[in-house]
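A.B. asks: Please see the structure below; I have some questions.
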Amino acid sequence: MPEEGFFPGIKRLLVGRPIPSHLAQHERLSRVTGLAVLSSDALSSVAYATEEILRVLIMGGIGALAYARPIGFVIAAILAIVVFSYRQTIHAYPSGGGAYIVARENLGETPSLIAAGALLIDYVLTVAVSIAAGVAAITSAMPQWHINRVELSLGFVTLLAIGNLRGIRESGRLFAVPTYFFIVSLLALIAIGTWRALTGAVPPQPPVEPVTGQGMLSLFMLLTAFSNGCTAMTGVEAVSNGVPAFKPPEAKNATATLMAMAVLSITMFLGITLLAQEFRIIPSEQETVVSQLAREVFGGRGLPYYLVQAATMMILVLAANTAYADFPRLASILARDRFLPRQFMNQGDRLAFSNGIVGLSVFAALLLVIFQGDTHALIPLYMIGVFVSFTLSQAGMVIHWRRLRGPGWRTSAMINGVGALVTGIVLLVVAVTKAHEGAWIIILLIPVHVLFFRATRKHYSHVAAQLSMLGWKAEPRRHNTVLVPISGIHRAVVQALDYAKALSDDVRAVYVNIDPVATVQLKRDWDKWGQGVPLVVLESPYRSLMEPFLEYVEEVQAQRPGDFVTIVIPEFVAARWWQHLFHNQRALLIKGALLFKPNTIVTSVPFHLVK
C-alpha cells in the first residue's frame with residue numbers, strides 16, 4: 001500500500017477506505033436499518049408537533065388547550081391517509097417514487113420541477129429544524145447550555161455529514177440504535193403516563209378557565225394550530241423516495257417499513273398530545289413539552305427523565321439523516337436529467353453522493369446560523385415544501401392509474417385522489433396561516449429553483465449542440481506556435497523546452513525584462529543552454545510580468561488568426577505541501593488569464609523537487 005499524503009490521510013480517517021462498485025448491493029438497507037435511516041424524520045417530528053399546536057392555542061387561554069385533542073385526531077387521520085397513498089406509490093414505482101419522478105411522468109416538466117424545488121428546500125429545512133429541535137431537548141435538560149445552541153447545532157451538522165460520507169450501511173448502523181432507543185423511551189413514557197392517568201395518579205391541577213372574552217380563539221388561530229401540528233407528517237415521503245436503497249424485494253421491504261413508521265408515528269403523536277392535555281402541560285420558551293411531560297410522568301428530573309431527553313435529542317439530531325439519504329439521491333436524479341450540475345451525479349469512493357451531502361450540510365448550517373438555531377423560527381418555513389410535494393405526487397398518481405387502467409385502477413385512483421385533495425387543502429391552510437411568519441420566502445424560492453433548473457438544462461443543451469458530431473467536417477491541420485515563459489535558465493526550463501520542441505517546430509522562449517543586468521546574463525547563458533530555441537525579450541517599463549506576456553500572446557494570435565498557440569509553463573512541484581508557500585503562483589495566474597481565450601492551450605511541465 002503506497003504511503004498516503006497528509007490530506008488523503010485525513011480523508012481516510014474521517015470517511016474510511018474506498019468501497020469498490022461491485023459491493024454496492026451489499027450497502028442496501030434492511031427493514032430494521034431502513035426504519036432508522038428513512039423514517040427518523042417522521043418519527044422524530046412527534047417530539048415537537050404537539051408543542052407547535054399548544055404554542056398557538058395558549059394564546060386563547062389555558063382552556064383553549066383542550067382543542068389540541070380534536071386537532072390531534074384530525075392530523076392523525078390525515079397522516080393515515082397520506083401513508084396509505086404513499087403505499088400505492090411504492091408499488092407503482094419500485095425504482096423510487098419521489099414526487100419529482102411521479103410528477104415528471106404524469107403531470108409534465110413544470111410540475112415536476114416545482115416538486116423537485118420544493119423537496120430540495122424541504123430537505124435542507126429538515127436538517128435545520130431537526131437539529132435545532134434536538135439541541136432544544138439538550139438545553140431543556142441543561143438550561144445553562146442555551147446560549148451555545150448555534151455552536152451545538154453546527155457540531156451536529158458536521159457529525160452527520162461525516163457519518164453519511166462514510167456510506168449507507170455504516171450510516172444505518174450508526175443511526176439504528178438511537179432511533180430504537182427513542183421509540184422504546186417514548187412508548188414507555190406514554191405507557192406509564194397513560195397508566196397514571198387511568199389510575200388517578202395525576203397530580204391535582206388548577207381549575208381551567210373557560211375560553212371567553214379576550215381568550216376567544218378565532219378560526220384563523222385554530223387553523224394556524226392545525227397547520228403547526230401538521231409538522232407531524234413531515235418525512236412520510238422519504239420511504240417511497242428511497243425504495244432502491246432497500247434490499248430485495250425492495251418494494252415489499254419499503255412497504256413494511258412505511259407501515260411500521262405510520263403506526264409508531266400516530267401512536268406517539270396522539271399519546272403525547274393526549275397526555276399533554278391530561279397533565280395540563282403549558283408550552284414554554286425554556287423547556288420543551290416532552291421535557292415537561294417527562295418530569296410530570298416520572299416525578300422529577302431523575303434517570304428516566306434524562307433517558308427520555310437523551311433519546312429525544314439523539315432522534316431529533318439524527319432525523320436529519322432522512323434528508324441526507326434523500327437530498328443527494330434527488331440531486332443526482334436532477335443532475336442526470338441535466339437540471340443540476342453534473343457533479344451531483346458522482347458517487348464518492350464510499351458509494352455515497354458526496355457532493356450532495358456536502359452541499360446539504362453547508363445550506364443547513366447557513367440556516368442554523370441565520371436563525372440562531374431557533375426551532376420555532378424555522379418551522380414556519382418548513383411545511384410549504386412538504387405539502388407541495390405531497391399534493392403533486394398524489395395528483396400524479398391519479399393520472400398514473402387513469403393512464404394504465406389496470407385491474408382495480410379506480411380504487412387506486414380514488415385513494416390517491418383523496419390523498420391529493422387532503423394534502424392540497426392542508427397546503428392552502430399552511431400557506432395562508434404561515435405566510436406572515438416567513439413562509440412567503442419558500443413560496444418565492446420554489447419558482448426561483450425552477451428558473452435555475454431550466455437555466456441549467458438550457459446550458460447543457462447549448463453545450464451538447466456545440467459538441468455534437470452531427471455535420472462535423474475535418475479541418476485542415478493548423479499551425480501551432482509554442483511559447484515558453486521563462487524567468488531564467490535552470491533545469492525546469494530546459495525540460496520544458498524539450499517538451500515544447502516535441503509539439504512544434506515553432507518554439508519561442510519568452511522573457512520579460514525587469515532587470516537589465518539579469519537580462520544581459522540570460523542572453524549570454526542562452527547561447528549555451530537554449531537548445532537553439534529563439535529567445536524573445538519583452539520590455540516592461542512598469543516592472544509588470546503578466547501584461548507584456550499577455551500582449552505578446554495576443555500579437556502572435558493576430559499574426560496567425562485561427563491557429564493554435566500553446567503556452568508551456570515550467571513549474572516546480574515541491575516535495576511537501578507547505579513548501580508551495582515559498583514559491584510564487586505565476587503558473588496559476590497565467591492559466592487563469594488565458595482560460596477563456598479561444599485556440600489557446602496552456603500546459604505545465606512539472607519539475608519535481610526531492611525532499
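Here's how to read the names in the C-alpha cells: chain A, B, ... by the order shown, residue numbers from 1 in each chain, ligand numbers from 1 in the order shown.
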Please identify all polymer residues within 7 Å of Ser361 (chain A), counting only C-alpha atoms, omitting same-chain residues fewer than 3 positions from it, and present them as a ChimeraX atom specification.
C.D. replies: /A:157,161,357-358,364-365
A.B. asks: With N, CA and C atoms kept, could you save the residues just selected as a compact mmCIF listing (two decimals), in the first residue's frame?
C.D. replies:
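Saved as result-v2.txt:
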```
# COMPACT_ATOMS: atom_id res chain seq x y z
N VAL A 157 -24.28 19.07 12.73
CA VAL A 157 -24.28 19.04 11.26
C VAL A 157 -22.98 18.40 10.76
N ALA A 161 -22.67 14.92 8.60
CA ALA A 161 -22.03 14.92 7.28
C ALA A 161 -20.96 13.84 7.21
N ILE A 357 -24.14 15.56 -0.23
CA ILE A 357 -24.04 15.57 1.22
C ILE A 357 -23.37 16.85 1.71
N VAL A 358 -22.30 17.24 1.05
CA VAL A 358 -21.59 18.46 1.44
C VAL A 358 -22.46 19.69 1.20
N ALA A 364 -27.76 23.87 5.29
CA ALA A 364 -28.39 23.72 6.61
C ALA A 364 -27.63 24.52 7.66
N ALA A 365 -26.31 24.49 7.60
CA ALA A 365 -25.50 25.26 8.56
C ALA A 365 -25.78 26.76 8.43
```
A.B. asks: Can you list, as a list in words, every protein, DNA or RNA residue that comes within 7 Å of region 287-290 of chain A when you count only C-alpha atoms, leaving out same-chain residues fewer than 6 positions away?
C.D. replies: Ala47, Glu51, Ala137, Ser140 and Ile281 of chain A
A.B. asks: If you keep C-alpha atoms, can you produce a file of those selected residues as a compact mmCIF listing (two decimals), in the first residue's frame?
C.D. replies:
```txt
# COMPACT_ATOMS: atom_id res chain seq x y z
CA ALA A 47 -41.40 15.36 19.59
CA GLU A 51 -45.73 21.69 21.16
CA ALA A 137 -34.01 18.98 24.02
CA SER A 140 -34.24 21.88 28.28
CA ILE A 281 -48.72 20.96 30.02
```
A.B. asks: Write out as a Markdown table a residue-level contact list of region 117-160 of chain A versus region 230-241 of chain A with cut-off 10 Å: for each qualifying residue the closest pair of atoms and the distance in Å to one decimal, counting only C-alpha atoms, rows sorted by chain and residue number upward.
C.D. replies:
```
| residue | atom | partner | partner_atom | distance |
| --- | --- | --- | --- | --- |
| A:Leu119 | CA | A:Glu237 | CA | 10.0 |
| A:Asp122 | CA | A:Thr234 | CA | 9.1 |
| A:Tyr123 | CA | A:Gly235 | CA | 9.1 |
| A:Thr126 | CA | A:Gly235 | CA | 8.3 |
```
A.B. asks: Using only C-alpha atoms, which protein or nucleic acid residues come within 8 Å of Leu360 (chain A)? Drop anything in the same chain fewer than 4 positions from it, and give the result as a list in words.
C.D. replies: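 That gives Tyr123, Val124, Tyr324, Phe327, Pro328, Gly356 and Ala364 of chain A.
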A.B. asks: Calculated over only C-alpha atoms, which of the candidates A:Pro244, A:Gly61, A:Gly419, A:Pro516 has the smallest distance to Val82 (chain A)?
C.D. replies: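 Smallest separation from Val82 (chain A) among the options: A:Gly419.
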A.B. asks: Of the candidates A:Val432, A:Ile567, A:Ile53, A:Leu334, which shows the shortest atom-to-atom distance to Ser112 (chain A), using only C-alpha atoms?
C.D. replies: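 For Ser112 (chain A), the nearest of the given residues is A:Leu334.
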A.B. asks: Show me, as a ChimeraX atom specification, the residues that have an atom within 12 Å of Leu187 (chain A) when counting only C-alpha atoms, minus same-chain residues fewer than 3 positions from it.
C.D. replies: /A:43,46,180-184,190-194,263-272,294,308,311-312
A.B. asks: A:Ile379, A:Phe453, A:Thr423, A:Leu503: which is nearest Ala435 (chain A), counting only C-alpha atoms?
C.D. replies: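 Ranked by minimum distance to Ala435 (chain A), first place goes to A:Ile379.
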A.B. asks: Quick one: pull the distance between CA of His608 (chain A) and CA of Ala492 (chain A), Å, one decimal.
C.D. replies: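 Result for CA of His608 (chain A) versus CA of Ala492 (chain A): 8.9 Å, one decimal.
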A.B. asks: Which residue is closest to Pro606 (chain A)? Choose from A:Ala77, A:Val573, A:Leu588, A:Val369 and count only C-alpha atoms.
C.D. replies: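 Using only C-alpha atoms, Pro606 (chain A) sits closest to A:Val573.
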A.B. asks: Neighbours of region 33-35 of chain A within 12 Å (only C-alpha atoms; same-chain residues fewer than 4 positions away dropped), as a count of residues only?
C.D. replies: 51
A.B. asks: List every residue of region 441-607 of chain A that DSSP, applied to the backbone of this structure, places in helix (DSSP H, G or I), and write the result as a PyMOL selection string.
C.D. replies: chain A and resi 441-467+491-503+516-529+546-559+577-582+586-594
A.B. asks: Those residues with C-alpha atoms, as a PDB file, in the first residue's frame please?
C.D. replies:
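Ended up saving to selection.pdb:
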```pdb
ATOM      1  CA  ILE A 441     -39.818  33.131   1.366  1.00  0.00           C
ATOM      2  CA  ILE A 442     -40.361  29.477   0.433  1.00  0.00           C
ATOM      3  CA  ILE A 443     -43.248  30.363  -1.883  1.00  0.00           C
ATOM      4  CA  LEU A 444     -40.808  32.678  -3.677  1.00  0.00           C
ATOM      5  CA  LEU A 445     -37.835  30.301  -3.608  1.00  0.00           C
ATOM      6  CA  ILE A 446     -39.656  27.421  -5.328  1.00  0.00           C
ATOM      7  CA  PRO A 447     -40.122  29.284  -8.667  1.00  0.00           C
ATOM      8  CA  VAL A 448     -36.546  30.601  -8.330  1.00  0.00           C
ATOM      9  CA  HIS A 449     -35.382  26.975  -8.182  1.00  0.00           C
ATOM     10  CA  VAL A 450     -37.482  26.161 -11.252  1.00  0.00           C
ATOM     11  CA  LEU A 451     -35.817  29.002 -13.169  1.00  0.00           C
ATOM     12  CA  PHE A 452     -32.387  27.751 -12.083  1.00  0.00           C
ATOM     13  CA  PHE A 453     -33.244  24.192 -13.205  1.00  0.00           C
ATOM     14  CA  ARG A 454     -34.322  25.458 -16.620  1.00  0.00           C
ATOM     15  CA  ALA A 455     -31.218  27.651 -16.984  1.00  0.00           C
ATOM     16  CA  THR A 456     -29.011  24.649 -16.152  1.00  0.00           C
ATOM     17  CA  ARG A 457     -30.815  22.462 -18.695  1.00  0.00           C
ATOM     18  CA  LYS A 458     -30.544  25.197 -21.333  1.00  0.00           C
ATOM     19  CA  HIS A 459     -26.805  25.485 -20.708  1.00  0.00           C
ATOM     20  CA  TYR A 460     -26.208  21.748 -21.065  1.00  0.00           C
ATOM     21  CA  SER A 461     -28.349  21.612 -24.225  1.00  0.00           C
ATOM     22  CA  HIS A 462     -26.350  24.502 -25.673  1.00  0.00           C
ATOM     23  CA  VAL A 463     -23.073  22.734 -24.839  1.00  0.00           C
ATOM     24  CA  ALA A 464     -24.300  19.434 -26.299  1.00  0.00           C
ATOM     25  CA  ALA A 465     -25.315  21.141 -29.545  1.00  0.00           C
ATOM     26  CA  GLN A 466     -21.847  22.649 -29.925  1.00  0.00           C
ATOM     27  CA  LEU A 467     -20.092  19.362 -29.119  1.00  0.00           C
ATOM     28  CA  ARG A 491      16.740  22.534 -15.278  1.00  0.00           C
ATOM     29  CA  ALA A 492      12.980  23.067 -15.190  1.00  0.00           C
ATOM     30  CA  VAL A 493      13.263  25.433 -18.180  1.00  0.00           C
ATOM     31  CA  VAL A 494      15.444  23.007 -20.160  1.00  0.00           C
ATOM     32  CA  GLN A 495      12.948  20.216 -19.514  1.00  0.00           C
ATOM     33  CA  ALA A 496      10.044  22.422 -20.650  1.00  0.00           C
ATOM     34  CA  LEU A 497      11.959  23.332 -23.852  1.00  0.00           C
ATOM     35  CA  ASP A 498      12.459  19.632 -24.632  1.00  0.00           C
ATOM     36  CA  TYR A 499       8.730  19.070 -24.331  1.00  0.00           C
ATOM     37  CA  ALA A 500       7.858  22.188 -26.365  1.00  0.00           C
ATOM     38  CA  LYS A 501      10.123  21.097 -29.267  1.00  0.00           C
ATOM     39  CA  ALA A 502       8.203  17.815 -29.395  1.00  0.00           C
ATOM     40  CA  LEU A 503       4.985  19.754 -30.033  1.00  0.00           C
ATOM     41  CA  PRO A 516      18.724  44.803 -17.293  1.00  0.00           C
ATOM     42  CA  VAL A 517      21.740  43.173 -15.593  1.00  0.00           C
ATOM     43  CA  ALA A 518      19.944  39.821 -15.259  1.00  0.00           C
ATOM     44  CA  THR A 519      18.775  40.107 -18.863  1.00  0.00           C
ATOM     45  CA  VAL A 520      22.324  40.539 -20.151  1.00  0.00           C
ATOM     46  CA  GLN A 521      23.444  37.451 -18.203  1.00  0.00           C
ATOM     47  CA  LEU A 522      20.468  35.449 -19.502  1.00  0.00           C
ATOM     48  CA  LYS A 523      21.347  36.262 -23.121  1.00  0.00           C
ATOM     49  CA  ARG A 524      24.922  35.024 -22.558  1.00  0.00           C
ATOM     50  CA  ASP A 525      23.699  31.754 -20.987  1.00  0.00           C
ATOM     51  CA  TRP A 526      21.030  31.258 -23.641  1.00  0.00           C
ATOM     52  CA  ASP A 527      23.555  30.615 -26.377  1.00  0.00           C
ATOM     53  CA  LYS A 528      24.838  27.634 -24.351  1.00  0.00           C
ATOM     54  CA  TRP A 529      21.628  26.176 -22.857  1.00  0.00           C
ATOM     55  CA  MET A 546       1.995  39.446 -16.814  1.00  0.00           C
ATOM     56  CA  GLU A 547       0.896  42.353 -19.011  1.00  0.00           C
ATOM     57  CA  PRO A 548       3.781  42.255 -21.549  1.00  0.00           C
ATOM     58  CA  PHE A 549       3.478  38.482 -21.863  1.00  0.00           C
ATOM     59  CA  LEU A 550      -0.303  38.553 -22.426  1.00  0.00           C
ATOM     60  CA  GLU A 551       0.105  41.342 -25.000  1.00  0.00           C
ATOM     61  CA  TYR A 552       2.665  39.225 -26.840  1.00  0.00           C
ATOM     62  CA  VAL A 553       0.273  36.247 -26.888  1.00  0.00           C
ATOM     63  CA  GLU A 554      -2.384  38.467 -28.495  1.00  0.00           C
ATOM     64  CA  GLU A 555       0.177  39.721 -31.019  1.00  0.00           C
ATOM     65  CA  VAL A 556       1.045  36.127 -32.032  1.00  0.00           C
ATOM     66  CA  GLN A 557      -2.638  35.265 -32.381  1.00  0.00           C
ATOM     67  CA  ALA A 558      -3.235  38.342 -34.522  1.00  0.00           C
ATOM     68  CA  GLN A 559      -0.401  37.308 -36.867  1.00  0.00           C
ATOM     69  CA  TRP A 577       2.613  20.683   0.582  1.00  0.00           C
ATOM     70  CA  TRP A 578       3.749  23.521   2.854  1.00  0.00           C
ATOM     71  CA  GLN A 579       6.787  24.227   0.666  1.00  0.00           C
ATOM     72  CA  HIS A 580       4.478  25.662  -2.013  1.00  0.00           C
ATOM     73  CA  LEU A 581       4.215  28.736   0.214  1.00  0.00           C
ATOM     74  CA  PHE A 582       7.822  29.589  -0.656  1.00  0.00           C
ATOM     75  CA  ARG A 586       2.762  32.634 -11.633  1.00  0.00           C
ATOM     76  CA  ALA A 587       1.728  29.474 -13.495  1.00  0.00           C
ATOM     77  CA  LEU A 588      -1.715  29.630 -11.924  1.00  0.00           C
ATOM     78  CA  LEU A 589      -2.072  33.305 -12.863  1.00  0.00           C
ATOM     79  CA  ILE A 590      -1.160  32.600 -16.489  1.00  0.00           C
ATOM     80  CA  LYS A 591      -3.652  29.732 -16.676  1.00  0.00           C
ATOM     81  CA  GLY A 592      -6.411  31.911 -15.258  1.00  0.00           C
ATOM     82  CA  ALA A 593      -5.647  34.820 -17.593  1.00  0.00           C
ATOM     83  CA  LEU A 594      -5.692  32.633 -20.735  1.00  0.00           C
TER      84      LEU A 594
END
```
A.B. asks: Can you measure CA of Ala36 (chain A) to CA of Ala320 (chain A) for me? One decimal in Å is fine.
C.D. replies: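 CA of Ala320 (chain A) lies at a distance of 11.1 Å from CA of Ala36 (chain A).
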A.B. asks: From a backbone DSSP assignment, name each residue in region 356-569 of chain A labelled strand (DSSP E), as a list of chain:residue names.
C.D. replies: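 Here are the strand (DSSP E) residues of region 356-569 of chain A: A:Asn480, A:Thr481, A:Val482, A:Leu483, A:Val484, A:Pro485, A:Asp506, A:Val507, A:Arg508, A:Ala509, A:Val510, A:Tyr511, A:Val512, A:Asn513, A:Leu535, A:Val536, A:Val537, A:Leu538, A:Glu539, A:Phe564, A:Val565, A:Thr566, A:Ile567, A:Val568, A:Ile569.
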A.B. asks: So, with only C-alpha atoms as the atoms that count, which of A:Val507, A:Pro570, A:Asn106, A:Ile58 lies closest to Val398 (chain A)?
C.D. replies: A:Asn106
A.B. asks: Interatomic distance between CA of Leu535 (chain A) and CA of Val482 (chain A)?
C.D. replies: 12.2 Å
A.B. asks: Using only C-alpha atoms, which of A:Ile514, A:Ile90, A:Val426, A:Val317 sits nearest Thr158 (chain A)?
C.D. replies: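 Looking only at the distances to Thr158 (chain A), the closest residue turns out to be A:Val317.
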A.B. asks: Do you know which residues are at most 6 Å from region 386-391 of chain A counting only C-alpha atoms, after dropping those on the same chain fewer than 3 positions away, and could you put them as a ChimeraX atom specification?
C.D. replies: /A:99,115,383,394,420,423-424,427
